[in-house]
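Enquirer: The structure follows.
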There are 2 protein chains.
Amino acid sequence: MAIIKVLFRHQEKEVEVPEGTNLLQVVALAGVPLEGDCGGKGTCGKCKVRVLSGNILETTMAERKFLFPDELAAGWVLACQHEVIGDTVVETRVHSDDYQSKNVMKWQGSKVKVEPCVEKFFLSMELPTLDDHTPDLERLIYCLPQRNDIKISRNILSTLPRLLREAGFQVTAVLVGDRIVAVERGNTSGRVYGIALDIGTTTLAGYLVDLARGEVLSVSVSSNPQSVYGADVITRIYHAAYNKDGLKQLQDIVLGAVNGIISSLLKEAGVKKEEIYEMVVVGNTAMSHLFLGIDPANLAFSPFIPAFKCAVELQSSELGLQLLPESRVLLLPNISGFVGSDTVGAMLAARIDQRKGTCLLVDIGTNAEVVLASQGRILICSSAAGPAFEGSHIRHGMRAVEGAIESVIIRDDVCLGVIGNLSPRGICGSGLIDAVAEMLKTGIIDETGRFVDTEKGRCKLNPQLQARLMKNDDGTEFILVPGNISATGKDIVIAQKDIKELQLAKAAIYAGIQVLLQEMGIVTENITELLLAGAFGNHVRKESALTIGLLPSVPLHCILPIGNAAGEGAVLALLSRTERERALSLVQKAEYIDLSARADFHERFIDALRFPEMHTI
Amino acid sequence: MAIIKVLFRHQEKEVEVPEGTNLLQVVALAGVPLEGDCGGKGTCGKCKVRVLSGNILETTMAERKFLFPDELAAGWVLACQHEVIGDTVVETRVHSDDYQSKNVMKWQGSKVKVEPCVEKFFLSMELPTLDDHTPDLERLIYCLPQRNDIKISRNILSTLPRLLREAGFQVTAVLVGDRIVAVERGNTSGRVYGIALDIGTTTLAGYLVDLARGEVLSVSVSSNPQSVYGADVITRIYHAAYNKDGLKQLQDIVLGAVNGIISSLLKEAGVKKEEIYEMVVVGNTAMSHLFLGIDPANLAFSPFIPAFKCAVELQSSELGLQLLPESRVLLLPNISGFVGSDTVGAMLAARIDQRKGTCLLVDIGTNAEVVLASQGRILICSSAAGPAFEGSHIRHGMRAVEGAIESVIIRDDVCLGVIGNLSPRGICGSGLIDAVAEMLKTGIIDETGRFVDTEKGRCKLNPQLQARLMKNDDGTEFILVPGNISATGKDIVIAQKDIKELQLAKAAIYAGIQVLLQEMGIVTENITELLLAGAFGNHVRKESALTIGLLPSVPLHCILPIGNAAGEGAVLALLSRTERERALSLVQKAEYIDLSARADFHERFIDALRFPEMHTI
């Protein structure tokens with residue numbers, strides 16, 4: 001089979017693949033970020049790329065459905081619909097992740113005593129003499145404050161004799177726990193760094209941390225490029241389960257993105273990769289499996305058993321990470337198949353075990369995890385909210401990047417806030433919640449989520465709003481942005497199906513919270529703090545979240561966004577052995593409530609599908 | 001540069017090398033065993049190969065010195081003298097290592113309680129249910145008798161989910177210490193194997209051990225192919241130090257030979273490579289360094305510092321050994337730069353710490369180690385005897401393989417014993433000691449080692465013996481085998497220089513023993529047992545060893561050959577945790593005496609160069 005070249009123009013990336021490879025696979029291989037919900041089925045219409053040169057066969061049904069004639073004429077295709085034939089040049093829409101880096105993933109600066117597992121010891125050793133035949137390794141170990149059970153790899157040992165002599169026996173030994181991970185020339189004890197990594201289903205976030213001073217020096221965020229294989233966890237697990245090499249593809253692509261994050265973290269902080277001695281990783285259970293290349297298939301099939309939940313330690317070289325080969329990678333423990341170490345990180349950062357009163361922590365990502373701490377107990381559940389809050393499975397949904405509608409106010413007409421103050425391209429999770437809350441308040445939809453369809457109902461609306469309600473083959477839609485002012489040239493709408501998706505998502509979370517309250521034997525009024533973790537929690541308007549009944553009705557001042565708590569927890573575990581032990585004790589203490597096994601969850605879920613009653617004007 | 005092919009006909013091995021590569025390097029690369037003392041300097045004349053097709057340039061001075069005209073005409077060359085040009089077919093003299101396997105390396109069958117570090121547990125696990133979400137790994141660990149701090153690699157974890165389900169959750173877990181090295185389908189607890197390996201400078205010996213029954217199932221011995229880079233340790237260290245990639249060459253070639261041993265051990269015993277879970281390795285300190293690819297340069301230069309002496313543990317995959325990738329390789333600890341883990345193995349097998357009286361252990365290999373145990377103390381020294389006892393640096397010396405003269409009796413004329421009852425090709429260590437002892441007894445040489453050169457002295461000899469004394473440019477020689485009955489067509493002689501080599505070697509050992517006795521505050525008469533370890537110890541005639549003054553004059557019945565005690569010690573450590581701990585305590589207890597730093601050693605050495613006085617008839 002011929003090998004051909006595919007160039008991604010904006011990214012200046014070129015890959016070589018066998019002719020006939022699916023273009024979406026090529027995108028994945030190149031590690032180029034591209035949105036997509038359906039994992040290549042041709043049903044979401046989001047994997048748009050433009051073929052600048054190369055041979056593209058006939059336009060498919062799916063393309064006719066999702067692309068405009070002028071887009072088709074300009075060479076835009078859906079990547080999943082085509083095989084590459086001959087050398088090809090491709091362009092993708094580039095959107096900057098800077099917005100997220102700058103605004104979403106801020107290190108909150110929790111106070112913590114700096115006591116990392118990485119320790120540096122400058123050793124000024126006696127030179128060997130005819131009267132002192134101590135071998136090189138033993139000479140070094142005898143100088144360490146703790147000498148027992150010290151481990152060293154063959155690689156480091158093999159370079160030790162030359163290094164010691166070149167350095168005049170003045171070296172710095174770097175230990176992670178009881179393992180020597182590096183021996184460096186001279187005194188380097190001032191430079192000690194580590195990386196904390198949060199592997200989200202949608203977003204990857206890395207933090208470069210100065211382990212001597214306890215400071216975050218740089219932050220880097222990127223999309224999880226696994227999304228070309230599906231927006232949600234289950235689609236990716238299916239990909240791993242049903243495709244030869246599927247697991248390896250998913251692992252390779254995320255490792256490639258992590259290497260990209262590492263590279264930009266190092267560059268920004270002015271740190272060398274050899275100076276990173278430990279990396280602490282959090283992620284949901286499926287992401288942990290995929291990161292390690294461990295088959296997650298059984299997470300998708302009853303009775304939903306993970307391969308492991310304990311903390312996993314390995315060397316970065318085993319994963320091919322571009323770090324000091326001996327550096328340690330530690331994945332914090334998971335709690336269950338559906339509550340991962342990212343939730344452990346969030347609990348750690350939120351200090352959920354140290355707060356007074358009754359504290360509810362909600363981390364809304366592609367899945368939603370809910371933690372309820374009260375009276376010394378910690379209850380946890382995972383709610384299969386789906387990726388609607390990340391903009392997936394929503395007709396014009398998109399991630400919270402430039403061009404996304406992030407806030408909506410509806411009075412006489414519609415007012416929008418768009419990320420980057422650009423022409424809008426679509427709507428992200430917080431914008432969607434705003435829009436639906438406002439539509440509910442203005443009576444565009446009712447408590448069941450349906451658009452007003454009586455003449456009487458429509459007449460109550462302002463004429464501008466009435467004009468935005470359109471009927472077509474798919475049912476009624478609300479036009480948020482008309483095509484003449486959108487960036488895509490198409491109307492940006494809220495469809496009946498989008499509202500349905502949001503109802504399913506918010507009902508799952510609400511019902512999960514209710515089950516935990518019930519299990520704890522308390523009621524909504526007992527909640528003293530409601531912590532919103534995650535990028536979404538930082539951006540959602542609290543009022544709107546309450547309006548649509550995503551959250552239980554607590555006073556507004558009780559709701560506190562706490563940022564990317566998962567990543568912050570990883571930073572804490574990297575900085576402090578005490579925090580790391582606290583993570584383990586949180587895992588021990590947490591009681592996992594399996595919602596799928598509870599009849600009362602299903603009842604509450606059905607009840608919660610309706611929106612709370614409105615007192616319309 | 002063109003890449004050409006070199007085929008070794010007998011071994012059916014083909015290697016590809018850049019044109020112009022030295023032929024001795026090619027031999028090394030192919031892992032073909034070939035004798036050689038000088039490491040390619042052209043001064044020993046032993047690296048003979050026959051070029052069957054290919055381009056060989058002019059015959060060199062060295063070849064004219066060491067090869068007969070008919071050998072040259074038949075295409076024999078010294079490998080070190082030529083570069084390969086164009087595709088080449090080469091033949092080497094093949095000598096079987098079977099003799100050694102069968103006769104030298106017998107497992108002595110020490111009684112030991114079988115309690116290996118490798119343990120197998122058959123686990124019949126409960127199936128996961130909706131009420132029991134225990135992850136796969138935790139489910140497995142909970143079934144183990146000891147659950148704390150169990151370690152598992154990413155590789156094994158990645159295959160666990162599928163394996164457990166295919167096996168219906170009926171598996172056997174294999175632990176080495178606290179590490180899971182394999183999980184096998186069904187109940188395999190009856191099959192548990194390990195390998196013990198002794199890496200000698202000249203000879204490699206492997207033992208495949210049934211760890212369930214405590215039996216040695218197969219033994220395999222081969223030459224250490226590093227000998228093409230020099231017969232002795234120091235020449236090899238120089239090779240590693242002064243040649244780019246020299247260290248890697250030495251490591252690769254010995255690992256290749258070890259893989260050969262592993263393969264024949266497995267074949268003979270009917271065991272699969274995946275069933276070998278641990279390998280215990282002993283060797284002298286330099287061999288341990290080279291086996292691990294760790295720079296041994298500082299062992300060759302004052303103050304002679306090894307990189308390490310502690311026990312080293314690693315995974316077999318790190319060395320590229322053809323075993324279960326996760327299987328553990330353990331190198332027993334060394335004692336000093338010149339006393340390695342092979343001596344620890346020998347002490348272990350000899351139970352030197354458990355014997356009554358005063359016990360002297362002498363292990364004569366390429367170097368000689370002497371251990372003196374008395375009054376609860378253990379003193380050790382290493383004597384740079386050189387490889388004369390292995391047949392190296394001796395004009396017609398060779399290893400104890402087929403065709404080697406292994407015993408010599410001189411009465412009216414010369415009687416010889418030849419290994420394999422073949423025409424003699426050369427003389428091995430035990431033959432040389434016999435020959436010199438007999439020459440001493442018959443007055444062919446005197447106590448200074450010189451051939452009788454007075455007319456009066458010669459007249460005392462039988463005429464047949466007189467006729468064997470020849471003078472030529474190199475001085476006097478004694479013809480042991482005339483060319484018309486030797487396998488080489490050349491006289492096999494004992495030259496003055498050969499006797500000198502033997503004197504240097506035996507004086508070093510004798511003087512070392514005297515220093516240890518002095519240090520212990522005892523005399524020769526206090527010795528109750530003299531244990532001779534190693535292949536050499538099994539074959540040397542005790543009387544001859546006493547006659548030439550290699551050993552102190554103890555009664556004959558006190559001298560006990562104990563076989564390859566180093567390898568046997570490795571087997572013991574493989575079979576028993578208690579024995580392994582005893583090895584560590586022996587290392588702790590042993591007091592190393594550095595002979596090079598002692599003036600009294602040099603005095604005793606000079607004294608010991610003479611042979612003991614004879615009462616000639």
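So you can find residues: chains in the structure tokens are A, B, ... in the order shown, residues in each start at 1, and ligands are numbered from 1 in order.
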Write out as a PyMOL selection string each polymer residue whose atoms come within 9 Å of Leu255 of chain B, counting only C-alpha atoms; drop sequence neighbours fewer than 5 positions from it.
Expert: chain B and resi 250+260+291+319-321
Enquirer: Could you save the residues just selected, with N, CA, C and O atoms, as a PDB file, in the first residue's frame?
Expert:
ATOM      1  N   LEU B 250      30.914  -5.428  24.854  1.00  0.00           N
ATOM      2  CA  LEU B 250      31.168  -6.473  25.848  1.00  0.00           C
ATOM      3  C   LEU B 250      29.867  -6.934  26.494  1.00  0.00           C
ATOM      4  O   LEU B 250      29.667  -8.127  26.743  1.00  0.00           O
ATOM      5  N   GLY B 260      21.804 -17.765  24.756  1.00  0.00           N
ATOM      6  CA  GLY B 260      22.053 -19.105  24.217  1.00  0.00           C
ATOM      7  C   GLY B 260      21.946 -20.161  25.298  1.00  0.00           C
ATOM      8  O   GLY B 260      21.343 -21.223  25.112  1.00  0.00           O
ATOM      9  N   PHE B 291      28.079  -7.284  32.637  1.00  0.00           N
ATOM     10  CA  PHE B 291      26.764  -7.896  32.429  1.00  0.00           C
ATOM     11  C   PHE B 291      25.665  -6.828  32.475  1.00  0.00           C
ATOM     12  O   PHE B 291      24.705  -6.860  31.706  1.00  0.00           O
ATOM     13  N   LEU B 319      17.542  -6.068  30.369  1.00  0.00           N
ATOM     14  CA  LEU B 319      18.783  -6.565  29.776  1.00  0.00           C
ATOM     15  C   LEU B 319      18.524  -7.243  28.429  1.00  0.00           C
ATOM     16  O   LEU B 319      19.458  -7.664  27.769  1.00  0.00           O
ATOM     17  N   GLY B 320      17.250  -7.351  28.044  1.00  0.00           N
ATOM     18  CA  GLY B 320      16.956  -8.045  26.794  1.00  0.00           C
ATOM     19  C   GLY B 320      17.131  -9.549  26.904  1.00  0.00           C
ATOM     20  O   GLY B 320      17.397 -10.212  25.905  1.00  0.00           O
ATOM     21  N   LEU B 321      16.996 -10.099  28.096  1.00  0.00           N
ATOM     22  CA  LEU B 321      17.100 -11.557  28.237  1.00  0.00           C
ATOM     23  C   LEU B 321      15.820 -12.210  27.735  1.00  0.00           C
ATOM     24  O   LEU B 321      14.724 -11.663  27.899  1.00  0.00           O
TER      25      LEU B 321
END
Enquirer: Only residues of chain A matter here; which ones have an atom within 6 Å of chain B, counting only C-alpha atoms? Give them as a count of residues only.
Expert: 14
Enquirer: Return the Cα root-mean-square deviation, in Å, for chain B superposed on chain A by least squares with the Cα atoms paired in order.
Expert: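 The RMSD between chain B and chain A over C-alpha atoms is 0.1 Å.
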Enquirer: With distances taken over only C-alpha atoms, which residue among A:Val271, A:Leu208, A:Cys47, A:Leu332 lies nearest Gly230 of chain A?
Expert: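 Ranking A:Val271, A:Leu208, A:Cys47, A:Leu332 by distance to Gly230 of chain A, first place goes to A:Cys47.
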Enquirer: Once DSSP has gone over the backbone, tell me which residues of segment 230-348 of chain A are in alpha helix (DSSP H), as number ranges by chain.
Expert: A: 233-242, 246-269, 285-292, 316-319, 341-348
Enquirer: Using only C-alpha atoms, which protein or nucleic acid residues come within 9 Å of Leu144 of chain B? Drop anything in the same chain fewer than 2 positions from it, and give the result as a PDB file with N, CA and C atoms, in the first residue's frame.
Expert:
ATOM      1  N   PHE B 121       0.287 -18.699  43.686  1.00  0.00           N
ATOM      2  CA  PHE B 121      -0.972 -18.845  44.419  1.00  0.00           C
ATOM      3  C   PHE B 121      -2.099 -19.078  43.419  1.00  0.00           C
ATOM      4  N   LEU B 123      -5.767 -18.871  42.597  1.00  0.00           N
ATOM      5  CA  LEU B 123      -6.842 -18.064  43.154  1.00  0.00           C
ATOM      6  C   LEU B 123      -8.147 -18.396  42.442  1.00  0.00           C
ATOM      7  N   LEU B 140      -8.043  -9.449  42.875  1.00  0.00           N
ATOM      8  CA  LEU B 140      -6.951 -10.423  42.869  1.00  0.00           C
ATOM      9  C   LEU B 140      -6.115 -10.293  44.148  1.00  0.00           C
ATOM     10  N   ILE B 141      -5.778  -9.058  44.488  1.00  0.00           N
ATOM     11  CA  ILE B 141      -4.898  -8.859  45.657  1.00  0.00           C
ATOM     12  C   ILE B 141      -5.577  -9.335  46.942  1.00  0.00           C
ATOM     13  N   TYR B 142      -6.904  -9.105  47.049  1.00  0.00           N
ATOM     14  CA  TYR B 142      -7.607  -9.517  48.270  1.00  0.00           C
ATOM     15  C   TYR B 142      -7.533 -11.026  48.480  1.00  0.00           C
ATOM     16  N   GLN B 146      -0.878 -12.433  51.501  1.00  0.00           N
ATOM     17  CA  GLN B 146      -0.298 -11.189  52.001  1.00  0.00           C
ATOM     18  C   GLN B 146      -0.705 -10.095  51.027  1.00  0.00           C
ATOM     19  N   ARG B 147      -1.365  -9.051  51.554  1.00  0.00           N
ATOM     20  CA  ARG B 147      -1.998  -8.087  50.644  1.00  0.00           C
ATOM     21  C   ARG B 147      -1.318  -6.728  50.611  1.00  0.00           C
ATOM     22  N   ALA B 173      -1.524 -16.490  40.469  1.00  0.00           N
ATOM     23  CA  ALA B 173      -0.693 -15.291  40.569  1.00  0.00           C
ATOM     24  C   ALA B 173       0.716 -15.721  40.953  1.00  0.00           C
TER      25      ALA B 173
END
Enquirer: Excluding same-chain residues fewer than 5 positions from Gly36 of chain B, what lies within 7 Å of it counting only C-alpha atoms, as a list in words?
Expert: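 These residues fall inside the cut-off: Cys44, Lys46, Cys47, Ser227, Val228, Gly230 and Ala231 of chain B.
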Enquirer: Go ahead and save the residues from that selection, with all heavy atoms, as a PDB file, in the first residue's frame.
Expert:
ATOM      1  N   CYS B  44      49.145 -13.298  20.533  1.00  0.00           N
ATOM      2  CA  CYS B  44      48.943 -14.637  21.083  1.00  0.00           C
ATOM      3  C   CYS B  44      48.748 -15.707  20.013  1.00  0.00           C
ATOM      4  O   CYS B  44      48.982 -16.877  20.265  1.00  0.00           O
ATOM      5  CB  CYS B  44      47.756 -14.654  22.059  1.00  0.00           C
ATOM      6  SG  CYS B  44      46.138 -14.605  21.250  1.00  0.00           S
ATOM      7  N   LYS B  46      46.061 -16.966  18.717  1.00  0.00           N
ATOM      8  CA  LYS B  46      45.025 -17.967  18.983  1.00  0.00           C
ATOM      9  C   LYS B  46      43.709 -17.759  18.230  1.00  0.00           C
ATOM     10  O   LYS B  46      42.877 -18.653  18.186  1.00  0.00           O
ATOM     11  CB  LYS B  46      44.756 -18.034  20.490  1.00  0.00           C
ATOM     12  CG  LYS B  46      45.977 -18.591  21.241  1.00  0.00           C
ATOM     13  CD  LYS B  46      45.698 -18.874  22.685  1.00  0.00           C
ATOM     14  CE  LYS B  46      46.954 -19.479  23.330  1.00  0.00           C
ATOM     15  NZ  LYS B  46      46.789 -19.716  24.763  1.00  0.00           N
ATOM     16  N   CYS B  47      43.515 -16.593  17.677  1.00  0.00           N
ATOM     17  CA  CYS B  47      42.205 -16.302  17.074  1.00  0.00           C
ATOM     18  C   CYS B  47      42.154 -16.785  15.616  1.00  0.00           C
ATOM     19  O   CYS B  47      41.776 -16.040  14.706  1.00  0.00           O
ATOM     20  CB  CYS B  47      41.867 -14.818  17.179  1.00  0.00           C
ATOM     21  SG  CYS B  47      43.040 -13.730  16.356  1.00  0.00           S
ATOM     22  N   SER B 227      35.937 -13.324  25.454  1.00  0.00           N
ATOM     23  CA  SER B 227      37.368 -13.616  25.359  1.00  0.00           C
ATOM     24  C   SER B 227      37.982 -13.108  24.058  1.00  0.00           C
ATOM     25  O   SER B 227      39.177 -12.903  23.992  1.00  0.00           O
ATOM     26  CB  SER B 227      37.617 -15.111  25.535  1.00  0.00           C
ATOM     27  OG  SER B 227      36.904 -15.811  24.548  1.00  0.00           O
ATOM     28  N   VAL B 228      37.152 -12.871  23.027  1.00  0.00           N
ATOM     29  CA  VAL B 228      37.757 -12.294  21.817  1.00  0.00           C
ATOM     30  C   VAL B 228      38.286 -10.888  22.092  1.00  0.00           C
ATOM     31  O   VAL B 228      39.117 -10.381  21.353  1.00  0.00           O
ATOM     32  CB  VAL B 228      36.798 -12.247  20.594  1.00  0.00           C
ATOM     33  CG1 VAL B 228      36.294 -13.619  20.250  1.00  0.00           C
ATOM     34  CG2 VAL B 228      35.666 -11.277  20.815  1.00  0.00           C
ATOM     35  N   GLY B 230      39.878 -10.266  24.838  1.00  0.00           N
ATOM     36  CA  GLY B 230      40.952 -10.436  25.810  1.00  0.00           C
ATOM     37  C   GLY B 230      40.612 -11.547  26.772  1.00  0.00           C
ATOM     38  O   GLY B 230      39.465 -11.710  27.176  1.00  0.00           O
ATOM     39  N   ALA B 231      41.650 -12.316  27.142  1.00  0.00           N
ATOM     40  CA  ALA B 231      41.422 -13.466  28.009  1.00  0.00           C
ATOM     41  C   ALA B 231      41.169 -13.052  29.439  1.00  0.00           C
ATOM     42  O   ALA B 231      40.452 -13.713  30.178  1.00  0.00           O
ATOM     43  CB  ALA B 231      42.611 -14.419  27.951  1.00  0.00           C
TER      44      ALA B 231
END
Enquirer: DSSP on the backbone, then: every residue of segment 115-321 of chain A marked strand (DSSP E), written as a PyMOL selection string.
Expert: chain A and resi 118-124+151-152+170-176+179-185+193-199+203-210+215-223+276-283+312-315
Enquirer: With C-alpha atoms retained, write the just-selected residues as a PDB file, in the first residue's frame.
Expert:
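Full text of selection-v4.pdb as output:
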ATOM      1  CA  VAL A 118      11.051  14.899  45.687  1.00  0.00           C
ATOM      2  CA  GLU A 119      14.103  15.738  47.762  1.00  0.00           C
ATOM      3  CA  LYS A 120      17.488  17.037  46.665  1.00  0.00           C
ATOM      4  CA  PHE A 121      20.658  16.502  48.647  1.00  0.00           C
ATOM      5  CA  PHE A 122      23.892  18.227  47.769  1.00  0.00           C
ATOM      6  CA  LEU A 123      26.664  15.784  48.618  1.00  0.00           C
ATOM      7  CA  SER A 124      30.252  16.851  49.006  1.00  0.00           C
ATOM      8  CA  LYS A 151      16.845   2.070  45.074  1.00  0.00           C
ATOM      9  CA  ILE A 152      18.617   3.070  41.888  1.00  0.00           C
ATOM     10  CA  GLN A 170      30.435  17.103  44.316  1.00  0.00           C
ATOM     11  CA  VAL A 171      26.958  16.092  43.215  1.00  0.00           C
ATOM     12  CA  THR A 172      23.292  16.524  43.993  1.00  0.00           C
ATOM     13  CA  ALA A 173      21.283  13.354  44.489  1.00  0.00           C
ATOM     14  CA  VAL A 174      17.579  13.567  43.680  1.00  0.00           C
ATOM     15  CA  LEU A 175      15.305  11.185  45.526  1.00  0.00           C
ATOM     16  CA  VAL A 176      11.635  10.498  44.989  1.00  0.00           C
ATOM     17  CA  ARG A 179      14.452   5.933  44.751  1.00  0.00           C
ATOM     18  CA  ILE A 180      17.348   7.901  43.292  1.00  0.00           C
ATOM     19  CA  VAL A 181      15.922   9.387  40.092  1.00  0.00           C
ATOM     20  CA  ALA A 182      18.907  11.526  39.161  1.00  0.00           C
ATOM     21  CA  VAL A 183      22.435  12.430  40.175  1.00  0.00           C
ATOM     22  CA  GLU A 184      23.470  15.868  38.981  1.00  0.00           C
ATOM     23  CA  ARG A 185      26.803  17.643  38.775  1.00  0.00           C
ATOM     24  CA  TYR A 193      10.210  20.916  39.739  1.00  0.00           C
ATOM     25  CA  GLY A 194       7.211  18.733  39.172  1.00  0.00           C
ATOM     26  CA  ILE A 195       4.100  18.695  37.016  1.00  0.00           C
ATOM     27  CA  ALA A 196       0.481  18.194  38.031  1.00  0.00           C
ATOM     28  CA  LEU A 197      -1.840  16.981  35.293  1.00  0.00           C
ATOM     29  CA  ASP A 198      -5.604  16.777  35.107  1.00  0.00           C
ATOM     30  CA  ILE A 199      -6.799  14.526  32.294  1.00  0.00           C
ATOM     31  CA  THR A 203      -9.787  19.243  28.487  1.00  0.00           C
ATOM     32  CA  LEU A 204      -6.237  18.510  29.625  1.00  0.00           C
ATOM     33  CA  ALA A 205      -4.672  20.892  32.143  1.00  0.00           C
ATOM     34  CA  GLY A 206      -1.041  20.892  33.247  1.00  0.00           C
ATOM     35  CA  TYR A 207       0.674  22.890  36.008  1.00  0.00           C
ATOM     36  CA  LEU A 208       4.423  23.252  36.364  1.00  0.00           C
ATOM     37  CA  VAL A 209       5.232  23.589  40.049  1.00  0.00           C
ATOM     38  CA  ASP A 210       8.373  24.841  41.783  1.00  0.00           C
ATOM     39  CA  GLU A 215       4.683  28.078  43.418  1.00  0.00           C
ATOM     40  CA  VAL A 216       2.904  27.300  40.179  1.00  0.00           C
ATOM     41  CA  LEU A 217       5.183  28.700  37.445  1.00  0.00           C
ATOM     42  CA  SER A 218       3.141  27.931  34.367  1.00  0.00           C
ATOM     43  CA  VAL A 219      -0.211  26.536  33.335  1.00  0.00           C
ATOM     44  CA  SER A 220      -1.065  24.948  30.008  1.00  0.00           C
ATOM     45  CA  VAL A 221      -4.428  23.758  28.794  1.00  0.00           C
ATOM     46  CA  SER A 222      -5.423  21.930  25.655  1.00  0.00           C
ATOM     47  CA  SER A 223      -8.330  19.965  24.300  1.00  0.00           C
ATOM     48  CA  ILE A 276      10.950  17.481  36.309  1.00  0.00           C
ATOM     49  CA  TYR A 277      11.233  14.691  38.853  1.00  0.00           C
ATOM     50  CA  GLU A 278       7.643  13.806  39.545  1.00  0.00           C
ATOM     51  CA  MET A 279       4.286  14.132  37.874  1.00  0.00           C
ATOM     52  CA  VAL A 280       0.996  13.684  39.743  1.00  0.00           C
ATOM     53  CA  VAL A 281      -1.942  12.797  37.536  1.00  0.00           C
ATOM     54  CA  VAL A 282      -5.690  12.918  38.164  1.00  0.00           C
ATOM     55  CA  GLY A 283      -8.498  11.990  35.841  1.00  0.00           C
ATOM     56  CA  VAL A 312      -0.475   3.614  40.280  1.00  0.00           C
ATOM     57  CA  GLU A 313       3.194   4.509  40.209  1.00  0.00           C
ATOM     58  CA  LEU A 314       5.455   4.148  37.206  1.00  0.00           C
ATOM     59  CA  GLN A 315       8.392   5.738  35.439  1.00  0.00           C
TER      60      GLN A 315
END
Enquirer: Do you know which residues are at most 6 Å from segment 433-450 of chain A counting only C-alpha atoms, after dropping those on the same chain fewer than 3 positions away, and could you put them as number ranges by chain?
Expert: A: 407-408, 410, 430, 544, 547-548, 610-611
Enquirer: Quote the spacing between atom CA of Leu361 of chain A and atom CA of Gly512 of chain A in Å to one decimal place.
Expert: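 Distance between the two atoms: 11.9 Å.
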Enquirer: Enter the distance from atom CA of Phe68 of chain B to atom CA of Gly45 of chain B, in Å, rounded to one decimal.
Expert: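 That distance, rounded to one decimal, is 11.5 Å.
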Enquirer: For Ala212 of chain A, list every protein, DNA or RNA residue within 8 Å, evaluated using only C-alpha atoms, and leave out those in the same chain fewer than 3 positions away; present the list as number ranges by chain.
Expert: A: 114, 190-193
Enquirer: Please, could you write that set of residues out with N, CA and C atoms as a PDB file, in the first residue's frame?
Expert:
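Once everything was written out, this is result_7.pdb:
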ATOM      1  N   VAL A 114       5.096  23.178  52.193  1.00  0.00           N
ATOM      2  CA  VAL A 114       5.818  22.539  51.094  1.00  0.00           C
ATOM      3  C   VAL A 114       6.669  21.386  51.631  1.00  0.00           C
ATOM      4  N   GLY A 190      18.623  24.127  44.409  1.00  0.00           N
ATOM      5  CA  GLY A 190      17.607  25.174  44.295  1.00  0.00           C
ATOM      6  C   GLY A 190      16.573  24.913  43.218  1.00  0.00           C
ATOM      7  N   ARG A 191      16.856  23.999  42.319  1.00  0.00           N
ATOM      8  CA  ARG A 191      15.953  23.788  41.180  1.00  0.00           C
ATOM      9  C   ARG A 191      15.281  22.415  41.274  1.00  0.00           C
ATOM     10  N   VAL A 192      14.051  22.419  41.735  1.00  0.00           N
ATOM     11  CA  VAL A 192      13.294  21.172  41.923  1.00  0.00           C
ATOM     12  C   VAL A 192      11.888  21.408  41.383  1.00  0.00           C
ATOM     13  N   TYR A 193      11.498  20.652  40.366  1.00  0.00           N
ATOM     14  CA  TYR A 193      10.210  20.916  39.739  1.00  0.00           C
ATOM     15  C   TYR A 193       9.392  19.639  39.548  1.00  0.00           C
TER      16      TYR A 193
END
Enquirer: Which is closer to Val15 of chain B than all the others in B:Leu502, B:Ala30, B:Ala404, B:Val587, using only C-alpha atoms?
Expert: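 Ranking B:Leu502, B:Ala30, B:Ala404, B:Val587 by distance to Val15 of chain B, first place goes to B:Ala30.
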Enquirer: Could you list, as a list in words, every residue within 10 Å of Arg50 of chain A, counting only C-alpha atoms and ignoring same-chain residues fewer than 5 positions away?
Expert: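 Using only C-alpha atoms, the neighbours found are Phe8, Glu71, Leu72, Ala74, Gly75, Trp76, Val77, Leu78, Ala79, Val89, Val90, Glu91, Thr92 and Arg93 of chain A.
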